[in-house]
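Remarks on the structure that follows.
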Amino acid sequence: MELDPQRFFNSQQRHVLFSLADGLCELCGEELGTGWHGDHRIPWISGGPTTIENGQALCAGCNHKKGREMQFQDTFKPRPFQADVITQVIDGIESGRNRTIVLASPGSGKTLAYLSLATRLLREGRIDHIAVFVPRVTLAQQCEIGWQHLTPDRKQAGLCELFESPRFGKIWHRTNEVPLTSGTGTGFVATYSALATSESIFTEWAMKHQGRFLLIADEAQFCGDDRDGDGGGTRAGTLIQKLHGFALHSLLLTGTPYRADNNPLVLADYEDARPGDPKGLRPLVKHAEATYADGIAENYLRTFELSRTDASVSRRTLGDTSERRSGESLLTYNLSDDGDGLAEVLRDPRIWEPLVDQVVAKVRDKQKFNAAYRGLISCMGQNEAKRVQKYLQQRHPGLRVGIAVSSDTDAPRALAEFRSLPMDILVTVRMAFIGYDCPEITVVGILTHYRDRGHLMQLVGRGLRVWSGMPPREQSCLIIAPDDPRMQEFLEYLRGQNEEGLRRVKEREAAAEITESSEKEQLALSYVESAVATTVRAASNDTDIESDELMLIESIKVEVDSAEDATKFARFLELYGIRTKRVQDVPGPRSEQDTEVIVQMPQPPRTDKEIIEDVRSRTSSAITKYLHARGMAPGSPGYQDAVTKATFRVNESAGFTAKTANTVDRAEKRLKAALALK
């Protein structure tokens, strides 16, 4: 649709509209104040011209109400949490609040919440653009592709299809490219790192579009605030606060009320610390919230089972400096009683190898229900991740394993391929998974020593999202983890949330029936000398299984070829006794033929930047082939001059150089011109 190049009524037009309305709002009849709106009868975004004939003078309230009452046949129906976010932001704008803080567990639908919000604000004429900042390149690419991308047959696809026009157009992933946006109804997504590196580009854009864009700070725990002057802030936090000064409204989305260092989030407010809190942390003032319990109650998050592996740890201490003691000592204890030295324990193959084997076994169990199910293993660092990958390849040949260990280099492509291609297990590191959306992941192995609740929820959240490929209540997330005290605390938190969610489900079902019927101190140099995995226990929201019983259940599962979760199987045995259950068509080990199929699978969706780079490379290859056909080879006399002349012909024919061919259409025109060289 071609839009009028003049977006707003000029001063002369506004004077005429004011006179025609006799200084009164043309809808409610109230006297027009200084902030009255020159409104398009046919919305500008729908092709309405900026003319006197298509204009009317409205008060601000009537103009915004008109935008809300426009009827759209969107297929997107917001969850209660998403609707609450939209309502809170609109209320904030109209009441003069310039920011909205949202605390949301993974899988709650944050992306669609802010995209639907931006669409509404665009339709109401409040904004022209959206600016999104995320911590990882993977998330930036996921945002662009998720909203809108082209399929291999050149058809438009993505979440944008849930909304009818007018809606946002492209939301490009940008690093240091200009312009960041192109025309009204477009946006950009960038990483906090890109913001820090190219501050002037983003600041100048914000100044140019002051008051006409929505600012999104996703995973806002990366934006630390140095309000206490103790150096706890971050560069990203400082710059987000700067851009906030130019935005119509800022929306901060976080999975945790504090950063890992317990410092506050930028732009966030906090209440006074609660009495008895050992850390003295102040509760976050949040405007909307989505918890794990909400996800269970509303059927978009899975229930869980946590399998905890205990270990016997031997710690040797050298040169004990405590009073009246000397020499060295050896202390043996259970990991479940003392998590000290957890990082060292998890580096011992006698600990992590059994945990990895459990992940493989559970993934194969899940694949008996649906072959597309897969697992995730999170490691402490790149070296540990590579060791796990090597172990999987050697111990479990035929297993389809992906690895993503560097957040901003190889990881984006690896994560995209794992989500799009048939795979079994993804090995990653601590931060590479944040915001990653792959609902086929149903088994999560925790080989990290990080025990911050926010971090654990982010990690476990990769396996909690309900997948459309199976009925919600037939899905669960299996968590494989070491049995340390902090993990036990996290289990109790999950249990409480799970029970609360299931309680709400029961209450809703009962109501429906009624309606129908009517920091650490080290005193001496010590190290973990050895650690050996010992017992494995399982726990879900309402069931505990000790080691001996779990071993018996797992052996029975093997005998009857059952893939049920251990805790669920235990309930079956308790209620009905042992029943043989044969599952047909159980997938066996992966063959070389399966690997060939993977190579033949279509590539995952790509961002515009990736497509342009690919087309640019093909254009260069086409020029090289053209010269080769004319007997010109690289390195031969006059070859570089021939390349320059051929490139000039391509640019002249297409109308763009390699630098100015910064859209997919332009890049493809250059490729077409290169292929037409004669």
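FYI, nothing fancy with the structure tokens labels: chains A, B, ... in order, residues from 1 per chain, ligands from 1 as they appear.
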
For this session: Write down as a PyMOL selection string the residues belonging to stretch 305-537 of chain A that are assigned strand (DSSP E or B) by DSSP computed on the backbone.
Result: chain A and resi 305-318+328-334+374-379+401-404+425-429+441-447+465+476-482+525-537

The residue from A:Cys223, A:Pro152, A:Ser95, A:Trp44 with the smallest atom-to-atom distance to A:Ile611, counting only C-alpha atoms, is A:Pro152

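Excluding A:Thr624 itself and any same-chain residue fewer than 5 positions from it, the protein and nucleic acid residues within 12 Å of it, counting only C-alpha atoms, are A:Ser617, A:Arg618, A:Thr619, A:Ala629, A:Arg630, A:Gly631, A:Met632, A:Ala633, A:Pro634, A:Tyr639, A:Gln640, A:Ala642, A:Val643, A:Thr644, A:Ala646, A:Thr647, A:Ala674, A:Leu675, A:Leu677.
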
query = Contacts of stretch 4-6 of chain A at 8 Å or less, counting only C-alpha atoms, minus same-chain residues fewer than 3 places along, as an MDAnalysis selection string?
reply = chainID A and resid 9 44 47:50

key: Within 8 Å of stretch 114-127 of chain A using only C-alpha atoms, minus same-chain residues under 6 positions, as a PyMOL selection string   = chain A and resi 45+63-64+66-68+85-86+166-168+185+211-214+216+248

Would you write out those residues with C-alpha atoms, as an mmCIF file, in the first residue's frame?
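Ended up saving to again26.cif:
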data_model
loop_
_atom_site.group_PDB
_atom_site.id
_atom_site.type_symbol
_atom_site.label_atom_id
_atom_site.label_comp_id
_atom_site.auth_asym_id
_atom_site.auth_seq_id
_atom_site.Cartn_x
_atom_site.Cartn_y
_atom_site.Cartn_z
ATOM 1 C CA ILE A 45 -1.509 3.743 7.830
ATOM 2 C CA ASN A 63 -8.394 10.070 19.078
ATOM 3 C CA HIS A 64 -6.917 7.298 21.233
ATOM 4 C CA LYS A 66 -11.020 5.795 18.144
ATOM 5 C CA GLY A 67 -7.828 3.792 17.610
ATOM 6 C CA ARG A 68 -8.829 1.244 20.241
ATOM 7 C CA VAL A 85 1.087 -6.227 29.624
ATOM 8 C CA ILE A 86 -0.803 -4.364 26.880
ATOM 9 C CA PRO A 166 -2.253 -2.234 9.386
ATOM 10 C CA ARG A 167 0.553 -3.930 11.269
ATOM 11 C CA PHE A 168 4.313 -3.666 11.568
ATOM 12 C CA GLY A 185 5.597 0.775 10.659
ATOM 13 C CA GLY A 211 8.335 10.345 21.231
ATOM 14 C CA ARG A 212 7.383 8.155 18.267
ATOM 15 C CA PHE A 213 8.849 4.762 19.197
ATOM 16 C CA LEU A 214 8.366 1.998 21.759
ATOM 17 C CA ILE A 216 11.896 -2.769 24.505
ATOM 18 C CA LEU A 248 7.215 7.327 24.034
#

Excluding A:Val401 and its own-chain neighbours fewer than 5 positions away, which residues fall within 12 Å of it when counting only C-alpha atoms? Please give them as a PDB file with C-alpha atoms, in the first residue's frame.
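Written out: selection.pdb:
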ATOM      1  CA  VAL A 360      20.455 -39.783  26.543  1.00  0.00           C
ATOM      2  CA  ARG A 374      15.098 -33.793  22.019  1.00  0.00           C
ATOM      3  CA  GLY A 375      17.309 -32.815  24.947  1.00  0.00           C
ATOM      4  CA  LEU A 376      19.581 -29.989  26.132  1.00  0.00           C
ATOM      5  CA  ILE A 377      22.775 -30.246  28.189  1.00  0.00           C
ATOM      6  CA  ALA A 385      30.900 -28.641  26.450  1.00  0.00           C
ATOM      7  CA  LYS A 386      33.377 -29.999  23.913  1.00  0.00           C
ATOM      8  CA  VAL A 388      30.575 -33.740  26.590  1.00  0.00           C
ATOM      9  CA  GLN A 389      30.102 -33.604  22.814  1.00  0.00           C
ATOM     10  CA  LYS A 390      33.085 -35.931  22.268  1.00  0.00           C
ATOM     11  CA  TYR A 391      31.805 -38.330  24.923  1.00  0.00           C
ATOM     12  CA  LEU A 392      28.360 -38.450  23.315  1.00  0.00           C
ATOM     13  CA  GLN A 393      29.829 -39.190  19.908  1.00  0.00           C
ATOM     14  CA  GLN A 394      32.022 -41.989  21.268  1.00  0.00           C
ATOM     15  CA  HIS A 396      26.438 -43.126  21.786  1.00  0.00           C
ATOM     16  CA  ALA A 414      23.940 -23.925  15.477  1.00  0.00           C
ATOM     17  CA  LEU A 415      20.879 -22.978  17.528  1.00  0.00           C
ATOM     18  CA  GLU A 417      19.762 -25.582  12.837  1.00  0.00           C
ATOM     19  CA  PHE A 418      18.996 -27.507  16.033  1.00  0.00           C
ATOM     20  CA  LEU A 421      16.569 -29.964  11.615  1.00  0.00           C
ATOM     21  CA  PRO A 422      16.062 -33.466  13.084  1.00  0.00           C
ATOM     22  CA  MET A 423      18.377 -33.590  16.105  1.00  0.00           C
ATOM     23  CA  ASP A 424      18.640 -35.406  19.443  1.00  0.00           C
ATOM     24  CA  ILE A 425      20.739 -33.402  21.909  1.00  0.00           C
ATOM     25  CA  LEU A 426      22.099 -29.858  22.032  1.00  0.00           C
ATOM     26  CA  VAL A 427      25.215 -29.191  24.133  1.00  0.00           C
ATOM     27  CA  THR A 428      25.607 -25.568  25.146  1.00  0.00           C
ATOM     28  CA  ARG A 590      20.636 -43.437  13.970  1.00  0.00           C
ATOM     29  CA  THR A 595      22.590 -38.450   8.443  1.00  0.00           C
ATOM     30  CA  ILE A 598      19.698 -34.288   7.520  1.00  0.00           C
TER      31      ILE A 598
END

Length of the atom CA of A:Leu150 to atom CA of A:Pro605 vector [Å]
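Value for the atom CA of A:Leu150-atom CA of A:Pro605 distance: 7.5 Å.
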